[in-house]
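Have a look at the structure below, then the notes.
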Amino acid sequence: MHAALAQEAKPEASGNDGTKLETVIVTANRRAENIKEVPMSISAIKGDALDTYGANGQDIRFLSSRVPSLNIESDFGRSFPRFYIRGLGNTDFDLNASQPVGLIYDDIVQESPILKGFPVFDVDQVEVLRGPQGTLFGRNSPAGVIKFDSAKPTRTFEGYGSVGYGNYGAINLEGAVNVPLNQDWAMRISGQGQSRNDRVTNPLSTGTKTFEGYHDNAARVQFLYKNSGFSALFNLHGRDMAGNATLFRANIIQKGTNDIVPGFDYGSYPTDGLNKQTLTSSGANAHLRWDLDGLTVHSITGYDKAKFYSRADVDGGYGCNSPWCPPNTPTGPGNLFNSETADGLPYLRQITQEVRVESNTKDPLQWIAGLYYFNEKIQVDSFDYDSLHGNVQDGYAVQHQNAKSYAAFGSVNYAVNDQFKVRAGMRYTKDSKDFDAQRTWQPGNNDAPSAVISANPSASNVTWDLSGSYALDKSTNLFARVATGYRAPSIQGRLLFAPGTNAQLNQNSISVANSEKNLSFEAGIKKDFLDNTARLSATVFQYTAKDLQLTAGSGGVNQNRLVNADKATGQGFEIDGQANLNRNWKATLGVSYNDTKIKDPNLFVATCGNGGTLCTVTNPVGPFPGTAAINGNPLPRAPKWVGNFTLKYTTQVGEGTLYAVTDWAYKDSYNMFLYEAAEYKAKSLLEGGLRVGYQWADGKYELAAYGRNITNKQQVIAAIDFDNLTGILNEPRSYGVQFKANF
């Protein structure tokens with residue numbers, strides 16, 4: 001899906017009749033290049049495709065399955081997205097969790113999972129770079145990188161505005177204005193406002209009464225200066241979101257199956273807990289560029305900060321019938337264990353600095369060299385509340401983490417001849433973390449605070465890549481690539497529900513995962529055919545991740561531990577296709593197959609609460625009661641098959657253009673956790689969208705109607721396995737209208 005489903009072809013030669021495909025330019029190697037000539041597996045989405053996928057106001061998860069091998073999910077709702085490429089990701093829900101998929105927004109790495117969810121608006125292009133990206137993009141990208149590039153200021157006065165209205169009172173606003181200030185300066189202001197009314201009701205007199213409404217606003221201001229051989233781009237951005245945490249729905253999974261229980265009502269959520277989520281973030285970055293004789297110098301400085309708070313009823317129901325609960329407590333639905341918690345980031349600050357020098361000649365040898373610095377400081381608060389006695393706080397723990405990273409990197413490209421080009425790169429990275437945690441208030445037991453527990457892991461690593469491309473002819477390129485990736489050590493210090501009294505907590509109450517390393521091979525073909533009206537990209541790949549960082553749930557309480565699997569392997573293929581069938585019909589098709597496997601005969605994890613008696617575990621029993629051996633299991637949240645398809649029809653009607661476009665995304669079944677259980681194996685999911693619209697005044701105005709998840713398919717896509725069959729559902733059907741004006 002190199003080009004967007006609704007992009008019109010740009011004339012590339014005289015005689016273009018409107019059916020020719022446009023050239024797609026990407027910056028995967030930190031230079032602007034034709035995607036066909038870049039020797040790696042890449043997908044790019046831009047233009048009207050982003051408008052179509054995000055028309056209903058969904059957060060960044062609307063990109064999930066829209067390109068091969070990409071999955072995105074969240075247990076927090078509109079915040080904290082978790083990304084998976086070729087099956088590699090991280091299911092950890094702690095707020096200091098690291099991920100093996102890097103997210104780069106306007107050349108600034110967004111390390112915290114809270115920063116990764118910044119809204120997608122006024123974006124020129126989204127690039128998905130599959131496979132390790134350890135040379136030019138660095139640490140914590142062994143699975144790949146998702147790269148967002150905002151529309152930049154230009155010397156033309158122009159802009160657009162869009163307003164949409166949908167079911168549940170959804171209002172979606174977006175707009176941008178570009179203003180040339182003088183001969184040297186230009187400014188671009190863009191923003192997005194999204195809101196929706198509550199659509200779920202609590203029928204009880206206790207707890208929060210309505211859910212799933214939100215207000216999510218974001219803005220960006222950019223200033224561009226250009227004069228002679230120097231340019232400077234300054235970017236200010238921010239977000240303010242308020243809504244609900246994800247609804248955990250108790251006992252909605254039928255035991256022994258992955259079906260929803262009969263009589264389930266999406267609009268009803270009986271609970272005795274409170275539910276609230278807020279997120280504010282802001283940042284600034286500066287891109288300075290000097291074009292000198294023979295080389296170009298870049299300086300990229302980034303600063304981001306955020307505050308976050310999320311509170312939810314984890315058990316997903318009301319009351320309590322566990323042994324420790326008061327007798328005769330009204331309870332439902334099903335088994336409940338009374339858990340209401342909150343997590344917060346009262347402080348998050350990230351600073352990045354990159355200095356990069358690159359050649360700018362037309363010589364056969366081209367090179368890039370640079371230095372990189374990263375520093376992040378965070379505080380994580382964890383709270384427990386007593387839902388049975390007025391939702392009062394009865395527990396607290398705190399974490400602090402200071403992460404630093406230094407890197408030096410370089411890359412060379414050499415054109416052996418007009419047909420054959422080779423690339424090689426290397427990066428040295430040094431990482432360190434200073435971490436401490438303390439439980440000052442054990443849930444239900446207000447004794448003396450625990451000791452402060454600390455960890456100080458550090459690691460250094462060299463990553464590299466080697467690739468080559470060969471042009472068989474003007475329309476066909478072959479490529480091959482071998483690359484390594486690296487993920488820095490991670491810490492899981494969620495002490496609030498760690499077993500034992502405060503006095504018994506010790507160094508073993510937290511977990512540290514060693515650094516993870518990935519070696520990947522891929523080869524493929526990129527070809528334009530049928531007189532440049534169709535395009536195909538196909539890749540086969542194989543990778544081995546050593547010391548793979550995995551997140552193991554406790555099975556009984558709201559607690560995680562990090563473990564290193566000896567290794568995991570993945571293999572498969574990706575196919576990206578696009579075709580302008582004629583002047584009226586355009587289509588895209590994407591398919592991927594990811595066969596992943598954990599390989600560690602000694603690795604076992606806890607299963608669902610009460611020693612695995614509440615779910616149907618299908619793995620061999622581990623060495624201790626309530627555990628399962630997971631050797632040979634696929635990676636969690638890693639569907640084998642991912643597919644997407646779009647078809648667009650346009651025709652001239654009067655003085656304008658009428659169009660209809662449908663898009664479909666398919667995700668195969670997958671394990672929700674490291675172990676396999678009948679209840680916790682997500683079903684395959686096919687979701688479709690439809691958009692019908694009319695453009696007039698030479699494309700200046702557009703009116704459209706849209707629908708997302710048009711079949712209203714509802715199923716469990718994630719779960720909590722502490723003590724009951726609590727599930728999380730996909731988004732229900734949404735629909736609405738949208739008007740857009742360009743000037």
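Convention: chains lettered A, B, ... in structure tokens order; per-chain residue numbering from 1; ligands numbered from 1 as shown.
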
Need to verify the contact set: segment 443-447 of chain A, 10 Å, only C-alpha atoms, exclusion of same-chain residues closer than 3 positions in sequence. Can you return it as an MDAnalysis selection string? chainID A and resid 383:386 393:397 439:440 450 496:497 501:503

Residue neighbourhood Ser475 of chain A, 10 Å, only C-alpha atoms, exclusion window fewer than 3 positions, as a PyMOL selection string: chain A and resi 36+471-472+526-529+531-532+535

With N, CA and C atoms retained, export the selected residues as an mmCIF file, in the first residue's frame.
data_model
loop_
_atom_site.group_PDB
_atom_site.id
_atom_site.type_symbol
_atom_site.label_atom_id
_atom_site.label_comp_id
_atom_site.auth_asym_id
_atom_site.auth_seq_id
_atom_site.Cartn_x
_atom_site.Cartn_y
_atom_site.Cartn_z
ATOM 1 N N LYS A 36 10.791 2.569 -4.208
ATOM 2 C CA LYS A 36 11.179 1.397 -4.992
ATOM 3 C C LYS A 36 12.672 1.122 -4.884
ATOM 4 N N ALA A 471 18.772 -3.297 -9.937
ATOM 5 C CA ALA A 471 17.720 -2.928 -10.884
ATOM 6 C C ALA A 471 17.772 -3.847 -12.093
ATOM 7 N N LEU A 472 16.811 -4.743 -12.163
ATOM 8 C CA LEU A 472 16.736 -5.615 -13.341
ATOM 9 C C LEU A 472 16.416 -4.814 -14.589
ATOM 10 N N LYS A 526 10.487 -5.235 -5.833
ATOM 11 C CA LYS A 526 9.584 -4.101 -5.983
ATOM 12 C C LYS A 526 9.452 -3.827 -7.477
ATOM 13 N N LYS A 527 8.224 -3.827 -7.956
ATOM 14 C CA LYS A 527 8.034 -3.765 -9.413
ATOM 15 C C LYS A 527 6.815 -2.928 -9.771
ATOM 16 N N ASP A 528 6.994 -2.076 -10.768
ATOM 17 C CA ASP A 528 5.884 -1.400 -11.434
ATOM 18 C C ASP A 528 5.591 -2.146 -12.735
ATOM 19 N N PHE A 529 4.329 -2.332 -13.046
ATOM 20 C CA PHE A 529 3.997 -3.053 -14.269
ATOM 21 C C PHE A 529 2.697 -2.526 -14.851
ATOM 22 N N ASP A 531 2.337 -0.823 -17.596
ATOM 23 C CA ASP A 531 2.558 0.552 -18.018
ATOM 24 C C ASP A 531 2.399 1.526 -16.849
ATOM 25 N N ASN A 532 2.993 1.139 -15.706
ATOM 26 C CA ASN A 532 3.013 1.973 -14.503
ATOM 27 C C ASN A 532 1.618 2.273 -13.956
ATOM 28 N N ARG A 535 1.515 -1.681 -9.092
ATOM 29 C CA ARG A 535 2.770 -1.756 -8.353
ATOM 30 C C ARG A 535 2.682 -2.897 -7.351
#

Please list as a PyMOL selection string every residue within 8 Å of segment 339-352 of chain A, counting only C-alpha atoms and excluding residues in the same chain fewer than 5 positions away. chain A and resi 95+108-109+273-274+300-315+372-387

With C-alpha atoms retained, export the selected residues as a PDB file, in the first residue's frame.
ATOM      1  CA  LEU A  95       3.863   3.045  32.589  1.00  0.00           C
ATOM      2  CA  ILE A 108      11.901  12.838  17.394  1.00  0.00           C
ATOM      3  CA  VAL A 109      11.723   9.424  19.072  1.00  0.00           C
ATOM      4  CA  GLY A 273     -15.668   1.477  40.822  1.00  0.00           C
ATOM      5  CA  LEU A 274     -14.729   4.902  39.541  1.00  0.00           C
ATOM      6  CA  ILE A 300      17.697  18.016  15.856  1.00  0.00           C
ATOM      7  CA  THR A 301      16.723  18.926  19.420  1.00  0.00           C
ATOM      8  CA  GLY A 302      13.577  17.618  21.109  1.00  0.00           C
ATOM      9  CA  TYR A 303      11.844  18.218  24.430  1.00  0.00           C
ATOM     10  CA  ASP A 304       8.616  16.524  25.545  1.00  0.00           C
ATOM     11  CA  LYS A 305       6.750  16.298  28.819  1.00  0.00           C
ATOM     12  CA  ALA A 306       3.480  14.734  29.962  1.00  0.00           C
ATOM     13  CA  LYS A 307       1.149  14.097  32.885  1.00  0.00           C
ATOM     14  CA  PHE A 308      -1.180  11.107  32.940  1.00  0.00           C
ATOM     15  CA  TYR A 309      -3.733   9.543  35.291  1.00  0.00           C
ATOM     16  CA  SER A 310      -5.949   6.518  34.700  1.00  0.00           C
ATOM     17  CA  ARG A 311      -8.344   4.897  37.176  1.00  0.00           C
ATOM     18  CA  ALA A 312     -10.539   1.870  36.508  1.00  0.00           C
ATOM     19  CA  ASP A 313     -12.461  -0.998  38.040  1.00  0.00           C
ATOM     20  CA  VAL A 314     -10.073  -3.839  37.204  1.00  0.00           C
ATOM     21  CA  ASP A 315     -12.378  -6.690  38.230  1.00  0.00           C
ATOM     22  CA  TYR A 372      22.779  10.976  19.542  1.00  0.00           C
ATOM     23  CA  TYR A 373      21.783  11.643  23.168  1.00  0.00           C
ATOM     24  CA  PHE A 374      18.600  10.640  25.009  1.00  0.00           C
ATOM     25  CA  ASN A 375      17.513  11.364  28.582  1.00  0.00           C
ATOM     26  CA  GLU A 376      14.195  10.508  30.203  1.00  0.00           C
ATOM     27  CA  LYS A 377      13.004  11.057  33.779  1.00  0.00           C
ATOM     28  CA  ILE A 378       9.691   9.710  35.017  1.00  0.00           C
ATOM     29  CA  GLN A 379       7.718   9.100  38.184  1.00  0.00           C
ATOM     30  CA  VAL A 380       5.029   6.415  38.239  1.00  0.00           C
ATOM     31  CA  ASP A 381       2.329   6.406  40.932  1.00  0.00           C
ATOM     32  CA  SER A 382       0.179   3.346  41.677  1.00  0.00           C
ATOM     33  CA  PHE A 383      -2.968   3.577  43.806  1.00  0.00           C
ATOM     34  CA  ASP A 384      -5.425   1.049  45.229  1.00  0.00           C
ATOM     35  CA  TYR A 385      -9.006   1.864  46.234  1.00  0.00           C
ATOM     36  CA  ASP A 386     -11.625   0.068  48.327  1.00  0.00           C
ATOM     37  CA  SER A 387     -14.755  -0.133  46.196  1.00  0.00           C
TER      38      SER A 387
END

Excluding segment 640-657 of chain A and residues on its chain fewer than 2 positions from it, collect all residues at most 9 Å away from it, counting only C-alpha atoms, and give them as an MDAnalysis selection string. chainID A and resid 5:6 65:71 86:87 572 583:596 634 638 659:670 693:699

Written file, previous selection with N, CA and C atoms, as a compact mmCIF listing (two decimals), in the first residue's frame:
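Written out: again04.txt:
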# COMPACT_ATOMS: atom_id res chain seq x y z
N LEU A 5 -5.00 5.07 -0.69
CA LEU A 5 -6.07 4.51 -1.50
C LEU A 5 -6.78 5.59 -2.31
N ALA A 6 -6.75 6.84 -1.87
CA ALA A 6 -7.49 7.87 -2.58
C ALA A 6 -6.59 8.90 -3.24
N SER A 65 -3.42 -3.14 11.26
CA SER A 65 -3.73 -4.03 10.14
C SER A 65 -3.92 -3.30 8.82
N ARG A 66 -3.66 -2.01 8.76
CA ARG A 66 -3.82 -1.26 7.51
C ARG A 66 -2.63 -1.44 6.58
N VAL A 67 -1.54 -1.98 7.11
CA VAL A 67 -0.41 -2.39 6.30
C VAL A 67 0.01 -3.77 6.78
N PRO A 68 0.71 -4.54 5.98
CA PRO A 68 1.10 -5.89 6.38
C PRO A 68 1.96 -5.89 7.64
N SER A 69 1.75 -6.90 8.47
CA SER A 69 2.55 -7.21 9.66
C SER A 69 2.45 -6.18 10.77
N LEU A 70 1.43 -5.31 10.75
CA LEU A 70 1.29 -4.30 11.78
C LEU A 70 0.05 -4.56 12.63
N ASN A 71 0.24 -4.60 13.95
CA ASN A 71 -0.87 -4.71 14.89
C ASN A 71 -0.68 -3.65 15.96
N ARG A 86 5.70 -7.71 12.71
CA ARG A 86 6.16 -9.09 12.51
C ARG A 86 6.08 -9.90 13.79
N GLY A 87 5.08 -9.59 14.62
CA GLY A 87 4.84 -10.34 15.85
C GLY A 87 5.57 -9.86 17.05
N GLY A 572 8.25 -15.34 7.56
CA GLY A 572 7.02 -15.11 6.83
C GLY A 572 7.25 -14.27 5.59
N ARG A 583 -9.59 4.55 -15.26
CA ARG A 583 -9.75 5.92 -14.76
C ARG A 583 -10.74 5.99 -13.61
N ASN A 584 -11.60 4.99 -13.47
CA ASN A 584 -12.64 5.04 -12.44
C ASN A 584 -12.36 4.16 -11.23
N TRP A 585 -11.61 3.10 -11.41
CA TRP A 585 -11.43 2.12 -10.33
C TRP A 585 -9.97 2.05 -9.88
N LYS A 586 -9.78 2.10 -8.55
CA LYS A 586 -8.45 1.97 -7.96
C LYS A 586 -8.55 0.96 -6.81
N ALA A 587 -7.49 0.19 -6.62
CA ALA A 587 -7.52 -0.85 -5.58
C ALA A 587 -6.15 -0.98 -4.93
N THR A 588 -6.15 -1.40 -3.67
CA THR A 588 -4.92 -1.76 -2.97
C THR A 588 -5.13 -3.08 -2.26
N LEU A 589 -4.04 -3.81 -2.07
CA LEU A 589 -4.11 -5.10 -1.40
C LEU A 589 -2.83 -5.31 -0.60
N GLY A 590 -2.98 -5.73 0.64
CA GLY A 590 -1.83 -6.06 1.48
C GLY A 590 -2.07 -7.37 2.21
N VAL A 591 -1.05 -8.23 2.25
CA VAL A 591 -1.15 -9.52 2.93
C VAL A 591 0.18 -9.79 3.62
N SER A 592 0.12 -10.34 4.83
CA SER A 592 1.34 -10.76 5.51
C SER A 592 1.09 -12.04 6.27
N TYR A 593 2.16 -12.82 6.42
CA TYR A 593 2.14 -14.06 7.19
C TYR A 593 3.32 -14.01 8.16
N ASN A 594 3.03 -14.16 9.45
CA ASN A 594 4.06 -14.11 10.49
C ASN A 594 3.96 -15.37 11.35
N ASP A 595 4.93 -16.24 11.22
CA ASP A 595 4.98 -17.47 12.00
C ASP A 595 6.03 -17.27 13.09
N THR A 596 5.58 -17.01 14.32
CA THR A 596 6.50 -16.74 15.43
C THR A 596 6.49 -17.90 16.41
N PRO A 634 3.39 -19.30 20.04
CA PRO A 634 3.61 -18.07 19.28
C PRO A 634 3.72 -16.88 20.22
N ALA A 638 0.17 -11.69 18.37
CA ALA A 638 0.87 -11.80 17.09
C ALA A 638 0.05 -12.65 16.13
N TYR A 659 -17.56 9.76 -5.46
CA TYR A 659 -16.71 8.60 -5.21
C TYR A 659 -17.31 7.73 -4.12
N ALA A 660 -16.93 6.47 -4.15
CA ALA A 660 -17.28 5.51 -3.11
C ALA A 660 -16.05 4.64 -2.87
N VAL A 661 -15.70 4.46 -1.61
CA VAL A 661 -14.52 3.65 -1.29
C VAL A 661 -14.86 2.74 -0.11
N THR A 662 -14.45 1.50 -0.24
CA THR A 662 -14.59 0.56 0.87
C THR A 662 -13.22 0.02 1.24
N ASP A 663 -13.00 -0.18 2.53
CA ASP A 663 -11.73 -0.72 3.00
C ASP A 663 -12.00 -1.80 4.04
N TRP A 664 -11.17 -2.85 4.00
CA TRP A 664 -11.35 -3.99 4.89
C TRP A 664 -10.01 -4.39 5.49
N ALA A 665 -10.02 -4.72 6.75
CA ALA A 665 -8.80 -5.15 7.45
C ALA A 665 -9.09 -6.45 8.18
N TYR A 666 -8.19 -7.40 8.01
CA TYR A 666 -8.35 -8.73 8.61
C TYR A 666 -7.19 -9.02 9.54
N LYS A 667 -7.52 -9.57 10.70
CA LYS A 667 -6.52 -9.97 11.69
C LYS A 667 -6.82 -11.39 12.13
N ASP A 668 -5.83 -12.27 12.02
CA ASP A 668 -6.00 -13.67 12.37
C ASP A 668 -6.10 -13.83 13.89
N SER A 669 -6.45 -15.02 14.35
CA SER A 669 -6.52 -15.30 15.78
C SER A 669 -5.13 -15.20 16.40
N TYR A 670 -5.07 -14.96 17.72
CA TYR A 670 -3.79 -14.85 18.41
C TYR A 670 -3.99 -15.14 19.90
N GLY A 693 -18.75 10.02 -1.05
CA GLY A 693 -18.64 11.47 -1.00
C GLY A 693 -18.72 12.13 -2.35
N TYR A 694 -18.79 13.46 -2.29
CA TYR A 694 -18.87 14.26 -3.51
C TYR A 694 -17.93 15.45 -3.35
N GLN A 695 -17.07 15.66 -4.36
CA GLN A 695 -16.14 16.79 -4.39
C GLN A 695 -16.54 17.71 -5.53
N TRP A 696 -16.48 19.03 -5.25
CA TRP A 696 -16.82 19.98 -6.31
C TRP A 696 -15.93 21.22 -6.20
N ALA A 697 -16.10 22.10 -7.14
CA ALA A 697 -15.27 23.31 -7.24
C ALA A 697 -13.80 22.93 -7.35
N ASP A 698 -13.51 22.01 -8.26
CA ASP A 698 -12.15 21.56 -8.53
C ASP A 698 -11.49 20.99 -7.26
N GLY A 699 -12.28 20.24 -6.46
CA GLY A 699 -11.77 19.60 -5.26
C GLY A 699 -11.69 20.51 -4.05

What parts of segment 21-252 of chain A does DSSP call strand (DSSP E)? I'd like the answer as a ChimeraX atom specification. /A:25-26,33-34,42-46,70-73,82-85,101-105,108-109,123-130,144-150,158-166,170-180,185-196,200-201,210-211,214-227,230-243

How would the residues just chosen look if you wrote them out with C-alpha atoms as a tab-separated table (two decimals), in the first residue's frame?
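Saved result, result-v5.tsv, follows:
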chain	number	residue	atom	x	y	z
A	25	ILE	CA	9.08	9.34	-1.72
A	26	VAL	CA	10.16	8.07	1.72
A	33	GLU	CA	14.28	8.46	-1.91
A	34	ASN	CA	11.93	6.64	-4.23
A	42	ILE	CA	8.31	-0.41	3.76
A	43	SER	CA	4.69	0.69	3.56
A	44	ALA	CA	3.55	4.30	3.30
A	45	ILE	CA	0.10	5.78	3.95
A	46	LYS	CA	-0.82	9.35	3.12
A	70	LEU	CA	1.29	-4.30	11.78
A	71	ASN	CA	-0.87	-4.71	14.89
A	72	ILE	CA	-1.75	-1.96	17.39
A	73	GLU	CA	-3.77	-2.40	20.59
A	82	ARG	CA	1.18	-0.93	22.00
A	83	PHE	CA	2.72	-1.65	18.61
A	84	TYR	CA	3.67	-5.00	17.05
A	85	ILE	CA	5.57	-5.55	13.80
A	101	VAL	CA	8.79	-0.85	17.89
A	102	GLY	CA	10.16	2.68	17.67
A	103	LEU	CA	7.80	5.56	17.02
A	104	ILE	CA	9.32	8.64	15.40
A	105	TYR	CA	7.24	11.81	15.17
A	108	ILE	CA	11.90	12.84	17.39
A	109	VAL	CA	11.72	9.42	19.07
A	123	VAL	CA	0.26	14.55	8.51
A	124	ASP	CA	1.95	14.30	5.12
A	125	GLN	CA	2.84	10.63	5.37
A	126	VAL	CA	3.13	7.65	7.69
A	127	GLU	CA	5.93	5.17	6.97
A	128	VAL	CA	6.10	1.68	8.46
A	129	LEU	CA	9.67	0.34	8.35
A	130	ARG	CA	9.67	-3.38	9.08
A	144	GLY	CA	10.86	-1.79	13.23
A	145	VAL	CA	9.87	1.86	13.22
A	146	ILE	CA	6.65	3.77	12.56
A	147	LYS	CA	7.50	7.23	11.28
A	148	PHE	CA	5.12	10.22	11.15
A	149	ASP	CA	5.94	13.34	9.15
A	150	SER	CA	3.76	16.40	9.68
A	158	GLU	CA	-3.32	27.80	1.96
A	159	GLY	CA	-5.10	25.52	4.38
A	160	TYR	CA	-8.12	23.36	5.03
A	161	GLY	CA	-10.87	22.79	7.54
A	162	SER	CA	-12.89	19.65	8.27
A	163	VAL	CA	-15.91	19.08	10.48
A	164	GLY	CA	-17.57	15.73	11.13
A	165	TYR	CA	-20.57	14.57	13.14
A	166	GLY	CA	-21.32	10.96	14.03
A	170	ALA	CA	-19.24	12.42	18.01
A	171	ILE	CA	-17.73	15.68	16.75
A	172	ASN	CA	-14.44	15.63	14.86
A	173	LEU	CA	-12.73	18.87	13.87
A	174	GLU	CA	-9.45	19.30	12.03
A	175	GLY	CA	-7.82	22.16	10.24
A	176	ALA	CA	-4.61	23.87	9.20
A	177	VAL	CA	-3.55	27.23	7.86
A	178	ASN	CA	-0.23	27.94	6.18
A	179	VAL	CA	0.96	31.55	6.19
A	180	PRO	CA	4.09	32.91	4.45
A	185	TRP	CA	9.71	32.90	7.23
A	186	ALA	CA	6.58	30.76	6.96
A	187	MET	CA	4.19	29.53	9.63
A	188	ARG	CA	1.79	26.58	9.77
A	189	ILE	CA	-0.84	26.17	12.50
A	190	SER	CA	-2.84	22.97	12.66
A	191	GLY	CA	-5.16	21.39	15.19
A	192	GLN	CA	-7.60	18.65	15.93
A	193	GLY	CA	-10.55	18.45	18.30
A	194	GLN	CA	-12.40	15.19	18.90
A	195	SER	CA	-15.23	14.45	21.30
A	196	ARG	CA	-17.95	11.88	21.85
A	200	VAL	CA	-22.30	2.99	28.15
A	201	THR	CA	-24.35	3.28	31.37
A	210	THR	CA	-21.56	6.78	32.28
A	211	PHE	CA	-18.57	5.78	30.15
A	214	TYR	CA	-14.09	11.78	25.67
A	215	HIS	CA	-12.59	15.12	24.70
A	216	ASP	CA	-9.26	14.91	22.90
A	217	ASN	CA	-7.67	18.12	21.60
A	218	ALA	CA	-4.25	18.62	20.04
A	219	ALA	CA	-2.45	21.41	18.21
A	220	ARG	CA	0.82	22.08	16.43
A	221	VAL	CA	2.53	25.35	15.49
A	222	GLN	CA	5.54	25.36	13.16
A	223	PHE	CA	7.84	28.13	11.99
A	224	LEU	CA	10.16	27.61	9.02
A	225	TYR	CA	13.09	29.87	8.18
A	226	LYS	CA	15.03	29.52	4.93
A	227	ASN	CA	17.81	31.76	3.70
A	230	PHE	CA	20.56	27.59	6.15
A	231	SER	CA	17.10	26.52	7.28
A	232	ALA	CA	15.46	26.16	10.68
A	233	LEU	CA	12.16	24.46	11.55
A	234	PHE	CA	10.66	25.07	15.01
A	235	ASN	CA	7.80	22.90	16.23
A	236	LEU	CA	5.52	23.45	19.24
A	237	HIS	CA	2.83	20.86	19.99
A	238	GLY	CA	0.48	19.79	22.75
A	239	ARG	CA	-2.41	17.53	23.67
A	240	ASP	CA	-5.21	17.64	26.25
A	241	MET	CA	-7.36	14.50	26.62
A	242	ALA	CA	-10.01	13.58	29.17
A	243	GLY	CA	-12.21	10.51	29.11

Rounded to one decimal in Å, what is the spacing between atom CA of Thr361 of chain A and atom CA of Ala424 of chain A?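 One can read the atom CA of Thr361 of chain A to atom CA of Ala424 of chain A distance as 18.3 Å.
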
Between A:Phe93, A:Phe121, A:Phe157, A:Phe573, single out the one closest to Gln58 of chain A, counting only C-alpha atoms.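 Of A:Phe93, A:Phe121, A:Phe157, A:Phe573, the one nearest Gln58 of chain A, counting only C-alpha atoms, is A:Phe121.
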
Shell around Tyr414 of chain A at 6 Å using only C-alpha atoms, local window under 5 positions removed, as a PyMOL selection string: chain A and resi 364-365+421-422

Enumerate, in order of chain and increasing residue number, the residues of segment 18-106 of chain A with an atom no farther than 8 Å from segment 577-582 of chain A, each with its shortest atom pair and distance in Å to one decimal, counting only C-alpha atoms, as CSV.
residue,atom,partner,partner_atom,distance
A:Thr19,CA,A:Asn580,CA,5.6
A:Lys20,CA,A:Asn580,CA,7.2
A:Leu21,CA,A:Asn580,CA,7.1

All residues 8 Å or closer to Asp272 of chain A, only C-alpha atoms, same chain fewer than 4 positions away omitted, as a PDB file with C-alpha atoms, in the first residue's frame:
ATOM      1  CA  LEU A 204     -26.250   0.637  39.734  1.00  0.00           C
ATOM      2  CA  THR A 206     -22.558   3.042  42.951  1.00  0.00           C
ATOM      3  CA  GLY A 207     -19.489   3.942  40.903  1.00  0.00           C
ATOM      4  CA  THR A 208     -19.148   6.058  37.771  1.00  0.00           C
ATOM      5  CA  ASP A 313     -12.461  -0.998  38.040  1.00  0.00           C
ATOM      6  CA  GLY A 317     -18.084  -5.702  38.014  1.00  0.00           C
ATOM      7  CA  TYR A 318     -19.519  -4.905  41.430  1.00  0.00           C
ATOM      8  CA  GLY A 319     -19.227  -6.443  44.867  1.00  0.00           C
ATOM      9  CA  SER A 387     -14.755  -0.133  46.196  1.00  0.00           C
ATOM     10  CA  LEU A 388     -16.778  -1.725  49.022  1.00  0.00           C
TER      11      LEU A 388
END
